[in-house]
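Quick notes on the structure that follows.
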Amino acid sequence: MNSDFPMKILNSRHLLLLFAAVLLGYSSFRAVSLSFTHDESLSYLAHAASDLIEVLSFKKVDANHHYLNTILMYAAWQVFSPDELVLRLPNLIAHCFYLFFTYGISRKTIHFPFVVCSFLILNLNPFVLDFFSLARGYGLGLSLMMGSLYYLFEANESPQKEKTYQIASVVLALLSVLSNLIFLNFYCALIVFLLLTGTLDSFYESNGLRSFWLRFIDRCLYLMINILIAAFILTPILKKLLAKGAFYHGGETGFWHDTVGSLIRVSIYGQDYPFNAVFFLQLFIAAVVLGGLLVSAIFFYQKKWPEQNWILFVVLALTGLSVMSTIAQHCLFQTKFLVDRTGIFFIPMFALIASFTFSGVISISQRFRNFSYTVLIFFTLMTILHFFNASNFTHVLLWKNDADTKAMMSVLVDDYQKSGGENAPIKFYATEYYQPAIDFYRQTLQLDWLKSGLHLAKLSEREAPVHFDYAYGASNTKKRFMENDNFFVKQNFAVSQNLLLRKKNTAQVIALYENAHLMMQKGELSQAVNQYQGILKNAPEHAPSHHDLALIYEKLGNVQKAELHWKLAIERDYTYASAYLHLASLALSQKNPETAFTLLKNVSRFSESPAVYNGLGDLYYYSANALSSPNAARKDFLEALKFYRKSAEAGNGEGQQKLARMYELGYGVENDDE
């Protein structure tokens, strides 16, 4: 076999194309299937669903108004109907470009394995992938940022197109800021970097002050124009957001703890690994950054700048300037340190530093070739394993509480349609956190019968359950709504751990039950079955309907269904004595006295029904007759006599007859105290 075969496979464009197709398929499927989140719903309802003038003018001030993303959302739903996929389409398209740009940048590492490793490290972070499946500005901004870096690196490779590529770089950087303001730090870092390099190049190439300014203007005029455009667009937006106090998300401790620490925690994606992953990754990042600085210093000293090492220097410079910008803003304007999604642009920056640092090590000396390959491939394998461990089609990390809102709405619609209440509006309660996503589905699915938007905060605890037909939320919602036993759990959702509660339609159920019971007494069994089934569709907690339905199934000879519904009656109401008695009788007919005895002993703890005493008496009576030992039989007869007497003392005719029969036969009577 050709020894170069594995290397050719590793360098194959088809392999990277396959990876890209899988990742795009992953984000596309999630864009279709994931429930719309709280923040996405606010972006749509408050901004993208408005008229175009309001969208463009930034009239409504809100941190969820990710300007470029909102415009694209508006355009998408104007062309198509507004649903999850349509509104998320701009970020899905952005994912295509992100894959293209990261592939182009990864190829600049030159060494074959590093191309694949760099591409995978840049693309397999599950937290980053979340945002390509959401209608938010983060995915769009990441794609534009990577495009900006790509053209910045291309400018160094193509001197004849240097200015064209630099213009493309700063334009894309500005568009990333318009996608989401968190990329302002990257944009400022890029502008400062290009101004510094432009100034230095103009200085070294000039012969005097006039020559310097001419060269500087020639090199940096496009930057000045870009800055003016950015100031014109962003200044009023930033003023409005600052006045409203919209920049509230962040940390107060420090860049390393808040920004780096939070980015590591969200990248771990809630996985419980047996080692301290946060500490390990902090150590790895610190070592890689220091290694990158050392590699750059060596090349600077040697005056040796191959392409991949120039890229390493640029990424380090941009990352450093972004860090300094963040710290300066905190010190000067008391803004908070970036955390999780607000610092997401640092994740691909750190990934690039890692890839090009190890690639640079090989350029310094081939002696470190195996070491660099081993460390980077090991880290890539860990990244792949982590992706497969954390990937899912049910939720995104930061909005896991929203994972089941779409499924809940489906259950609600189905339940409402089955109840035959198409013309009757219902009132739905949810906390303010869940309200936007519910309102999104109410609007896009045209559920005019759903009256949402009433908040429990406006009502007293006693009044609240009276005003709503359904409630949705976590366990605290269940506690509040079920205190008066007026609600039952319609469905428990596994991912979010939320509950959909439904009010018991007591008066309506009682009327329907009485009608069904009358049908059963008249012998209209098939009509009664339909009536009971209708009741249980809307009120599955109604134990009497389960009990009576079981009686009918027993008459019809369907013992399995009868047993099922008696058990359901007990599940719904553990004090339903008659269901215990019928199950005990059924167990006896199936020659299973132990089960019958357990059932009757359980029901005797909370019921003093003569029927229970008669059943227990019968069990002991038949048990005594089956025993060959006179002493053992005498004990069981005594127990039977005791229970028959309790039944007789309660005035039960059957108990009195059985007690008289015991006296007549002399069973247990000789040991009776009386």
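FYI, nothing fancy with the structure tokens labels: chains A, B, ... in order, residues from 1 per chain, ligands from 1 as they appear.
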Neighbour list for region 172-175 of chain A as a list in words, cut-off 7 Å, only C-alpha atoms, skip fewer than 4 positions in-chain:
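So the residues in contact are Leu144, Met145, Gly147, Ser148, Ala168, Ser179, Tyr187 and Ala230 of chain A.
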Please identify all polymer residues within 8 Å of region 590-604 of chain A, counting only C-alpha atoms, omitting same-chain residues fewer than 4 positions from it, and present them as a count of residues only.
14
Write out as number ranges by chain all residues of region 240-444 of chain A that backbone DSSP assigns to helix (DSSP H, G or I).
A: 240-244, 255-268, 277-302, 307-333, 340-343, 346-364, 366-390, 397-402, 405-418, 435-444
Which region 29-55 of chain A residues have any atom within 8 Å of an atom of region 63-77 of chain A, and for each, what is the nearest pair of atoms with distance in Å to one decimal, counting only C-alpha atoms, rows sorted by chain and number, as JSON lines?
{"residue": "A:Asp39", "atom": "CA", "partner": "A:Asn64", "partner_atom": "CA", "distance": 6.7}
{"residue": "A:Glu40", "atom": "CA", "partner": "A:Asn64", "partner_atom": "CA", "distance": 7.9}
{"residue": "A:Leu42", "atom": "CA", "partner": "A:Asn64", "partner_atom": "CA", "distance": 6.7}
{"residue": "A:Ser43", "atom": "CA", "partner": "A:Asn64", "partner_atom": "CA", "distance": 5.3}
{"residue": "A:Tyr44", "atom": "CA", "partner": "A:Thr70", "partner_atom": "CA", "distance": 7.6}
{"residue": "A:His47", "atom": "CA", "partner": "A:His65", "partner_atom": "CA", "distance": 6.5}
{"residue": "A:Ala48", "atom": "CA", "partner": "A:Tyr74", "partner_atom": "CA", "distance": 4.9}
{"residue": "A:Ala49", "atom": "CA", "partner": "A:Tyr74", "partner_atom": "CA", "distance": 6.7}
{"residue": "A:Leu52", "atom": "CA", "partner": "A:Tyr74", "partner_atom": "CA", "distance": 7.7}
{"residue": "A:Val55", "atom": "CA", "partner": "A:Ile71", "partner_atom": "CA", "distance": 6.6}
For Tyr416 (chain A), work out the shell of residues within 12 Å, counting only C-alpha atoms and skipping chain neighbours fewer than 6 positions away, then give it as a list in words.
Met409, Ser410, Glu422, Asn423, Ala424, Pro425, Ile426, Lys427, Phe428, Leu447, Trp449, Leu450, Asp469, Tyr470, Arg502, Lys537 and Asn538 of chain A
